[in-house]
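Below is one structure, written out as structure tokens, with a few remarks after it.
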Amino acid sequence: MKVTVSAPATTANLGPGFDCLGAALDLRLSLRAIAADRTSWDATDAELTDGSLVMKAIEAVCADHPPLALEMDARIPLARGLGSSAAAIAAGLLVGCALVDRDPDLAELLRIGLPLEGHPDNLAPALYGGMTVVVPGPHVLRFEPVSSVAPVILVPDERLSTAEARDALPDEVARADAVANVAWSSGLVALLTGAVEPTTDRLLACTEDRLHQPHRASLMPASAETVERLRAAGIPTAISGAGPSVVCLLTDEISPRFHEIVSGLKDWTVLEVGWSLDGARITSVDR
């Protein structure tokens, strides 16, 4: 038996939407699972952790499976705040469904996968595609982001573990900061659904954050400095997920200014990836 699946990279938080707002990006992990004599995976040393997560996700759906050889084409930068672990888990969950000949139930797969991933704002868009808001339950509200706003990712050379970024957060936040983030994230959803015209000025205002980015700045000074510089130039910018990648939300109006600025940045990779409306999917099953 051979199963081929793919899952998208994700960008979470988008500034104010801490732990609840995320979007799928048009940059995908491809995975092929083949019945074999022993379980193994073809991956670089850096991808071994995600290979282990794939196996755990498969076993969460299909505990009794034959040995599998996994072949991964992981184009998602690892430990950069782009949801590589969520993509690996989403892909593994779909392989598990194929092994037991079950149609994927995304709500059920989210419930199964969350103990492995821990971050619904990454796993939900990896499964559902588009942009998602995860509310307690968890329940997923999915929508398609407007095409007039394009995500562009700046990826630095350095890495940052999600656990380290999480440890930097305080246990309590000021009420004023919480209220501000609720307002900004609500506004950002209104803009990205197209309910309100997503002008650059509005996007800039609604990608502000007080809950997580200030507390993590010392862990990724280059990223924090880049966010500050781009926002000062009027470009809607935030840390992608736990970082250290940076996500910029560009309109046609601001795109030329953005490209002028980033052309002078050193040690950064610019990914003009776009949104992915497709979440994790099974592309072929050969029995």
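Residue numbering restarts at 1 for every chain of the structure tokens, chains are lettered A, B, ... in their displayed order, and ligands are numbered from 1 as they appear.
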
Excluding A:Leu114 and its own-chain neighbours fewer than 5 positions away, which residues fall within 12 Å of it when counting only C-alpha atoms? Please give them as a PyMOL selection string. chain A and resi 53+56-57+60+85-86+89-90+93+106-109+119-124+126-127+134+137-138

Mind writing the picked residues with C-alpha atoms as a PDB file, in the first residue's frame?
ATOM      1  CA  LEU A  53       5.332  13.428  14.835  1.00  0.00           C
ATOM      2  CA  LYS A  56       2.540   9.538  16.313  1.00  0.00           C
ATOM      3  CA  ALA A  57      -0.267  11.135  14.293  1.00  0.00           C
ATOM      4  CA  ALA A  60      -3.418   8.218  16.913  1.00  0.00           C
ATOM      5  CA  SER A  85       5.079  20.446  13.095  1.00  0.00           C
ATOM      6  CA  ALA A  86       1.387  21.109  12.463  1.00  0.00           C
ATOM      7  CA  ILE A  89       0.796  16.062  12.211  1.00  0.00           C
ATOM      8  CA  ALA A  90      -1.967  16.940   9.741  1.00  0.00           C
ATOM      9  CA  LEU A  93      -3.559  12.087  10.521  1.00  0.00           C
ATOM     10  CA  LEU A 106     -11.613  17.486  10.143  1.00  0.00           C
ATOM     11  CA  ALA A 107     -13.232  18.340  13.475  1.00  0.00           C
ATOM     12  CA  GLU A 108     -12.410  14.878  14.802  1.00  0.00           C
ATOM     13  CA  LEU A 109      -8.854  15.030  13.424  1.00  0.00           C
ATOM     14  CA  HIS A 119      -1.512  24.871  19.173  1.00  0.00           C
ATOM     15  CA  PRO A 120      -4.950  24.925  17.517  1.00  0.00           C
ATOM     16  CA  ASP A 121      -4.109  28.132  15.646  1.00  0.00           C
ATOM     17  CA  ASN A 122      -1.525  26.137  13.648  1.00  0.00           C
ATOM     18  CA  LEU A 123      -3.247  22.761  13.345  1.00  0.00           C
ATOM     19  CA  ALA A 124      -6.656  24.139  12.319  1.00  0.00           C
ATOM     20  CA  ALA A 126      -3.164  23.046   8.344  1.00  0.00           C
ATOM     21  CA  LEU A 127      -6.257  20.809   8.275  1.00  0.00           C
ATOM     22  CA  VAL A 134     -10.450  28.570  16.771  1.00  0.00           C
ATOM     23  CA  GLY A 137     -14.396  23.654  22.294  1.00  0.00           C
ATOM     24  CA  PRO A 138     -12.498  23.624  20.041  1.00  0.00           C
TER      25      PRO A 138
END

What are the closest atom pairs, with distances in Å to one decimal, for each residue of stretch 173-224 of chain A lying within 9 Å of stretch 158-169 of chain A, using only C-alpha atoms, rows by chain and rising residue number, as a Markdown table?
| residue | atom | partner | partner_atom | distance |
| --- | --- | --- | --- | --- |
| A:Leu211 | CA | A:Leu169 | CA | 8.1 |
| A:His212 | CA | A:Leu169 | CA | 6.4 |
| A:His215 | CA | A:Leu169 | CA | 5.9 |
| A:Arg216 | CA | A:Ala168 | CA | 6.0 |
| A:Leu219 | CA | A:Ala165 | CA | 7.4 |
| A:Met220 | CA | A:Leu160 | CA | 7.9 |
